[in-house]
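Undergrad: Handing you a structure now.
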Amino acid sequence: MTVLKINYIEKLYSEKVAEYIMKGYSINVEHSHGSQTNEISTICLTNDGGKTVLRVGLIRACEDWRKEELKLVVLKYENVNRRTLWISEGEVLEERTFIEVDREKKVYCENEEDFDKILSLRKERNKNREYEWFDKEVEICSEKTKELVWKIARTKDGYKSVPKKRITKVTKDKNGYWVYFENRRTLRIRLSK
């Protein structure tokens, strides 16, 4: 499973532009301006005075509702006689697709199999995290903790005369303590934030 950061993709983009410059192309500012909504970055190159233009770009695509893609493309436009070059009108010479895994962290992968593995791993982690932090109670066995919660419990109405030996169990979750008494209601002691 390969996970890629945006820095790596930007490096590939730069290398692709450099590759064409090394082949004798130069940047064509006539067609490099402007942006279509899904373009992140494009650089136009030419080697014949602008009649044929190669556009190297990073383009955002969303072909499936559950995932967004970033595409590194090289498009070729021939007999160019206007300033605006539409993505859909270019001949695709090269294309490499990166599937977005996490937009905030700018993490991508290159194939569906890795994307599905990452999604299932993320779901499993979240499921475990929810269980661990939101549903689970941990039993406290320490006498010191029992002593402390007993002192707090004795300040509550209905628990003032309860002896410590009547505590059957003390558990803790993310919000506080649960004190279980023999022949009495369970007491909830919330942690202050």
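How things are named: the first chain in the structure tokens is A, the next is B, and so on; residues count from 1 in each chain; ligands count from 1 in the order shown.
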Excluding same-chain residues fewer than 6 positions from stretch 159-162 of chain A, what lies within 10 Å of it counting only C-alpha atoms, as a list in words?
TA: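 So the residues in contact are Trp150, Lys151, Ile152, Ala153, Phe181, Glu182, Arg184, Arg185 and Leu187 of chain A.
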Undergrad: Could you take the residues named above and write them with N, CA and C atoms, as a PDB file, in the first residue's frame?
TA:
```
ATOM      1  N   TRP A 150     -15.546   7.346  47.589  1.00  0.00           N
ATOM      2  CA  TRP A 150     -16.410   7.163  48.755  1.00  0.00           C
ATOM      3  C   TRP A 150     -16.585   8.484  49.499  1.00  0.00           C
ATOM      4  N   LYS A 151     -15.476   9.239  49.672  1.00  0.00           N
ATOM      5  CA  LYS A 151     -15.555  10.548  50.337  1.00  0.00           C
ATOM      6  C   LYS A 151     -16.436  11.514  49.539  1.00  0.00           C
ATOM      7  N   ILE A 152     -16.309  11.484  48.206  1.00  0.00           N
ATOM      8  CA  ILE A 152     -17.154  12.345  47.364  1.00  0.00           C
ATOM      9  C   ILE A 152     -18.608  11.897  47.444  1.00  0.00           C
ATOM     10  N   ALA A 153     -18.837  10.578  47.417  1.00  0.00           N
ATOM     11  CA  ALA A 153     -20.202  10.036  47.472  1.00  0.00           C
ATOM     12  C   ALA A 153     -20.894  10.430  48.773  1.00  0.00           C
ATOM     13  N   PHE A 181     -23.031   0.470  44.411  1.00  0.00           N
ATOM     14  CA  PHE A 181     -23.200   0.119  45.816  1.00  0.00           C
ATOM     15  C   PHE A 181     -24.063  -1.133  45.953  1.00  0.00           C
ATOM     16  N   GLU A 182     -23.827  -1.857  47.025  1.00  0.00           N
ATOM     17  CA  GLU A 182     -24.659  -3.014  47.350  1.00  0.00           C
ATOM     18  C   GLU A 182     -25.996  -2.487  47.888  1.00  0.00           C
ATOM     19  N   ARG A 184     -28.138  -0.405  46.696  1.00  0.00           N
ATOM     20  CA  ARG A 184     -28.375   1.022  46.502  1.00  0.00           C
ATOM     21  C   ARG A 184     -28.221   1.389  45.040  1.00  0.00           C
ATOM     22  N   ARG A 185     -28.740   2.571  44.675  1.00  0.00           N
ATOM     23  CA  ARG A 185     -28.569   3.053  43.295  1.00  0.00           C
ATOM     24  C   ARG A 185     -27.099   3.317  42.993  1.00  0.00           C
ATOM     25  N   LEU A 187     -24.156   5.583  41.658  1.00  0.00           N
ATOM     26  CA  LEU A 187     -23.901   7.023  41.712  1.00  0.00           C
ATOM     27  C   LEU A 187     -22.951   7.419  40.599  1.00  0.00           C
TER      28      LEU A 187
END
```
Undergrad: Skipping near chain neighbours, those fewer than 4 positions away, what residues fall within 6 Å of stretch 76-90 of chain A using only C-alpha atoms, listed as a list in words?
TA: His31, Lys51, Thr52, Val53 and Leu54 of chain A
Undergrad: Can you write just those residues out, N, CA and C atoms, as a PDB file, in the first residue's frame?
TA:
```pdb
ATOM      1  N   HIS A  31      -0.655  31.408 -23.259  1.00  0.00           N
ATOM      2  CA  HIS A  31      -1.731  30.483 -22.917  1.00  0.00           C
ATOM      3  C   HIS A  31      -1.662  29.980 -21.479  1.00  0.00           C
ATOM      4  N   LYS A  51       2.139  27.676 -32.146  1.00  0.00           N
ATOM      5  CA  LYS A  51       1.153  26.984 -32.997  1.00  0.00           C
ATOM      6  C   LYS A  51       0.718  25.658 -32.361  1.00  0.00           C
ATOM      7  N   THR A  52       1.681  24.969 -31.757  1.00  0.00           N
ATOM      8  CA  THR A  52       1.388  23.748 -30.998  1.00  0.00           C
ATOM      9  C   THR A  52       1.758  24.028 -29.553  1.00  0.00           C
ATOM     10  N   VAL A  53       0.823  23.785 -28.660  1.00  0.00           N
ATOM     11  CA  VAL A  53       1.045  24.065 -27.238  1.00  0.00           C
ATOM     12  C   VAL A  53       0.860  22.774 -26.441  1.00  0.00           C
ATOM     13  N   LEU A  54       1.799  22.523 -25.538  1.00  0.00           N
ATOM     14  CA  LEU A  54       1.664  21.426 -24.578  1.00  0.00           C
ATOM     15  C   LEU A  54       1.320  22.051 -23.232  1.00  0.00           C
TER      16      LEU A  54
END
```
Undergrad: Output as number ranges by chain all residues of stretch 15-99 of chain A that backbone DSSP marks as helix (DSSP H, G or I).
TA: A: 15-22, 29-32, 87-89
Undergrad: One decimal, in Å: what's the spacing between atom CA of A:Phe98 and atom CA of A:Glu69?
TA: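 Going from atom CA of A:Phe98 over to atom CA of A:Glu69, I get 5.5 Å.
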Undergrad: Suppose you want the space between atom CA of A:Cys44 and atom CA of A:Ile9; what is it in Å?
TA: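 Going from atom CA of A:Cys44 over to atom CA of A:Ile9 covers 18.3 Å.
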Undergrad: Within stretch 21-165 of chain A, find each residue whose DSSP state, derived from the backbone, is strand (DSSP E), and express the selection as a ChimeraX atom specification.
TA: /A:26-27,39-46,53-64,67-77,91-102,107-109,138-140
Undergrad: Which of these residues is nearest to A:Tyr108, using only C-alpha atoms: A:Ala18, A:Leu75, A:Leu58, A:Leu70?
TA: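 Of A:Ala18, A:Leu75, A:Leu58, A:Leu70, the one nearest A:Tyr108 is A:Leu70, counting only C-alpha atoms.
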